[in-house]
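Input: a single structure, listed below in structure tokens.
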Amino acid sequence: MSELSEVPPVVDPAQWLVRSVVDTVGPLAEVRPSLVAAPDPVRDEPENATVRRPRVTSWAALVQGLVQVLVVNTVAWTYALLRGGSPVVSVALVVIVLAITLRAREAFAGLGGAGTAATVQHLVVGYAVVSLAVAVGALGTEALPRAAVVFATGGVVLAGTSLARGRSRAPVRVVVVGDRGVVSRTAMQWGASERVDVVGGVLTDRPVGDSRPITVVGVPSVAGAEATLAHVRHCRADAVLVSPGPTLSGLDVRRLSWELEATGVDLGVLGVVDHAAPHRLDPVRMGGGTVLRVLPTRPSGAVRLAKTVVDRVLGSVLLLVALPLIGLLVLAIRLDSPGPGLFRQTRTGRDGKLFTIYKLRTMHRDADRDLITLVERNEADGPMFKIHDDPRVTRVGKLLRRTSLDELPQLLNVVRGEMSLVGPRPALPTEVACYDDVERRRLHVLPGLTGLWQVSGRSDLGWDSGMALDLSYADNWRLRGDVSILARTLGAVVRRRGAY
């Protein structure tokens with residue numbers, strides 16, 4: 001595509017910084033005309049047109065609210081009838097829980113609000129307050145189990161309605177403002193996403209008034225930041241994402257935020273912190289300005305200790321439960337083809353330390369020798385080797401790979417501390433030898449039995465996409481995310497996507 005061949009001009013960062021400062025301190029009226037003064041040169045939209053944003057339909061929102069009220073009330077009063085207690089306390093608890101859960105409902109599509117996780121935290125805080133009231137004698141001890149039931153019900157209802165809302169919500173419609181490279185990269189990044197739809201672009205490196213139709217990797221675009229609002233109206237966007245740079249100063253972003261205030265359209269900033277998850281970003285005031293502090297990638301010692309304890313304890317329990325199944329599968333492997341039931345291989349662990357990984361054997365004994373004859377059939381990019389119909393895989397091996405049961409013996413590696421339940425998959429030393437300095441960051445954490453790459457498509461993902469997921473995990477992991485990945489692993493195994 002010709003759009004990708006056009007490289008933005010090289011600009012000295014020092015000159016860009018000086019220019020941004022000069023633009024900012026200059027009189028607002030003399031810097032530049034209004035970002036929305038010029039109508040869209042391509043679209044003929046009236047200036048007073050309103051931005052129509054998709055929202056959760058009113059009847060759906062009403063049904064969700066009624067379901068929450070009905071479920072919480074039913075559980076609360078059923079518990080009160082069975083166990084007794086003050087009806088005043090029951091009413092108070094129901095009101096508190098419903099106030100928290102109903103407040104979490106998002107009516108508009110956009111960049112989102114506090115989210116379900118924050119609301120669950122509010123429920124936990126609410127229960128803590130009730131516990132404190134019991135401790136100081138303001139409430140009777142019978143209020144504590146009742147509060148636990150009602151608040152837990154609120155959490156379950158919230159999770160259910162959040163899931164239903166996520167499934168029914170339309171993708172967020174986004175207009176990207178920046179140079180051609182920014183628009184094309186953003187469009188390709190979210191091209192396959194079901195949650196984000198890049199519907200328009202505004203090219204800040206094109207002069208205003210250029211009325212030629214512009215398309216960047218399939219995204220209809222217009223020239224000049226002054227045409228942003230008109231283009232947002234035409235595209236009926238939910239959010240505008242801007243990328244400050246040589247062609248878009250900080251003042252431009254500030255003025256655009258003023259212009260978008262009356263539309264209800266969200267404004268977000270793309271930039272160098274795209275790699276950091278929201279929990280690692282902390283906006284702070286500094287000398288009259290706002291600085292976005294990026295927290296370290298390494299969690300606290302307490303969090304790392306908790307992950308280690310969970311890995312060892314849960315890994316031991318799962319290994320004991322899986323031992324009979326592993327024994328039966330080893331017997332089936334040996335009956336199907338000559339050779340041992342278990343397969344050992346050297347892999348690279350955290351910080352490049354080598355260890356021996358255990359798997360159920362899925363190939364015949366001479367698989368390594370036959371690899372040379374299959375190299376030309378490799379379907380994977382990067383240093384990996386994968387083919388859909390590998391002739392080295394045995395009959396039982398095909399079943400084991402489709403169901404991921406061949407990975408069960410790695411629970412022993414988890415118990416020994418060489419692996420974690422969640423993390424990037426352990427790489428071969430030959431693969432690690434091909435890593436650059438960025439990709440070696442993948443080795444910053446323990447390899448895992450499952451990970452983001454595995455629950456997002458496994459072998460169906462290309463090398464670059466999979467590596468990006470692993471690097472994101474290495475920089476942003478936390479216990480809550482590990483729980484989510486473990487829950488998604490079951491669905492990934494059932495769907496068998498990328499398992500071969």
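Letters A, B, ... mark the chains of the structure tokens in the order given; residue numbers begin at 1 per chain; ligand numbers begin at 1, in order shown.
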
Write out, as CSV, each residue of segment 202-254 of chain A that has an atom at most 12 Å from segment 188-196 of chain A, together with the closest pair of atoms and their distance in Å to one decimal, counting only C-alpha atoms, rows going by chain and rising number.
residue,atom,partner,partner_atom,distance
A:Val216,CA,A:Met188,CA,10.2
A:Val217,CA,A:Met188,CA,7.7
A:Gly218,CA,A:Met188,CA,9.7
A:Val219,CA,A:Met188,CA,10.0
A:Ala237,CA,A:Val196,CA,11.0
A:Asp238,CA,A:Val196,CA,10.1
A:Ala239,CA,A:Val196,CA,10.1
A:Val240,CA,A:Val196,CA,11.9
A:Leu241,CA,A:Val196,CA,11.8

Inset, instruction - Determine, counting only C-alpha atoms, which protein, DNA and RNA residues have an atom within 9 Å of an atom of segment 75-78 of chain A; residues of the same chain fewer than 2 positions away are not included. Present the result as a PyMOL selection string. - result: chain A and resi 70-73+80-83+87+90-91+93-94+146-147+149-150+153

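Among the candidates A:Thr403, A:Arg416, A:Asp366, A:Gly352, the residue lying nearest to Arg440 of chain A is A:Gly352 (atoms considered: only C-alpha atoms).
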
Legend entry - Straight-line distance linking atom CA of Arg425 of chain A with atom CA of Pro447 of chain A, stated in Å to one decimal: 5.2 Å

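Running DSSP on the backbone and keeping only strand (DSSP E), the residues of segment 287-447 of chain A that qualify are Gly289, Thr290, Val291, Leu292, Arg293, Val294, Leu342, Phe343, Arg344, Gln345, Thr346, Arg347, Thr348, Leu354, Phe355, Thr356, Ile357, Tyr358, Lys359, Leu360, Ser420, Leu421 and Val422 of chain A.
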
Inset, instruction - Write out as a count of residues only all residues of segment 204-425 of chain A that DSSP puts in helix (DSSP H, G or I) for this structure's backbone. - result: 93

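Close contacts of segment 299-312 of chain A, defined as residues with an atom at most 6 Å away when counting only C-alpha atoms, with chain neighbours fewer than 5 positions off set aside, comprise Val415, Ser420 and Leu421 of chain A.
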
Legend entry - Distance criterion (only C-alpha atoms): nearest to Gly271 of chain A out of A:Val313, A:Ile214, A:Val177, A:Leu328: A:Val177

Inset, instruction - Find the residues around Gly339 of chain A up to 9 Å (only C-alpha atoms counted), leave out those fewer than 2 positions away in its own chain, and share them as a count of residues only. - result: 8

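Residues in contact range of Cys235 of chain A, defined as at most 8 Å between only C-alpha atoms, with sequence neighbours fewer than 2 positions away removed, read Val175, Val199, Gly200, His231, Val232, Arg233 and Ala237 of chain A.
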
Legend entry - Selected residue of minimal separation from Arg402 of chain A among A:Ala492, A:Ala433, A:Gly137, A:Val198, counting only C-alpha atoms: A:Ala492

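Across the model, the gap from atom CA of Asp406 of chain A to atom CA of Val321 of chain A is 15.4 Å.
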
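Straight-line separation from atom CA of Leu144 of chain A to atom CA of Gly85 of chain A: 11.2 Å.
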
Inset, instruction - List the neighbours of Arg280 of chain A out to 9 Å using only C-alpha atoms; skip same-chain residues closer than 5 positions along the sequence, and give me the result as a ChimeraX atom specification. - result: /A:293-297,476

Would you mind exporting N, CA and C atoms of the selected residues as a tab-separated table (two decimals), in the first residue's frame?
chain	number	residue	atom	x	y	z
A	293	ARG	N	3.24	9.69	35.71
A	293	ARG	CA	4.27	8.84	36.29
A	293	ARG	C	4.04	7.39	35.88
A	294	VAL	N	5.08	6.73	35.40
A	294	VAL	CA	5.00	5.33	35.00
A	294	VAL	C	5.62	4.49	36.11
A	295	LEU	N	4.79	3.66	36.75
A	295	LEU	CA	5.25	2.85	37.86
A	295	LEU	C	6.12	1.71	37.37
A	296	PRO	N	7.00	1.18	38.22
A	296	PRO	CA	7.91	0.11	37.80
A	296	PRO	C	7.16	-1.13	37.31
A	297	THR	N	7.81	-1.87	36.43
A	297	THR	CA	7.20	-3.10	35.93
A	297	THR	C	7.25	-4.20	36.97
A	476	ASN	N	3.47	-5.92	32.68
A	476	ASN	CA	2.24	-5.45	33.34
A	476	ASN	C	1.53	-6.51	34.18
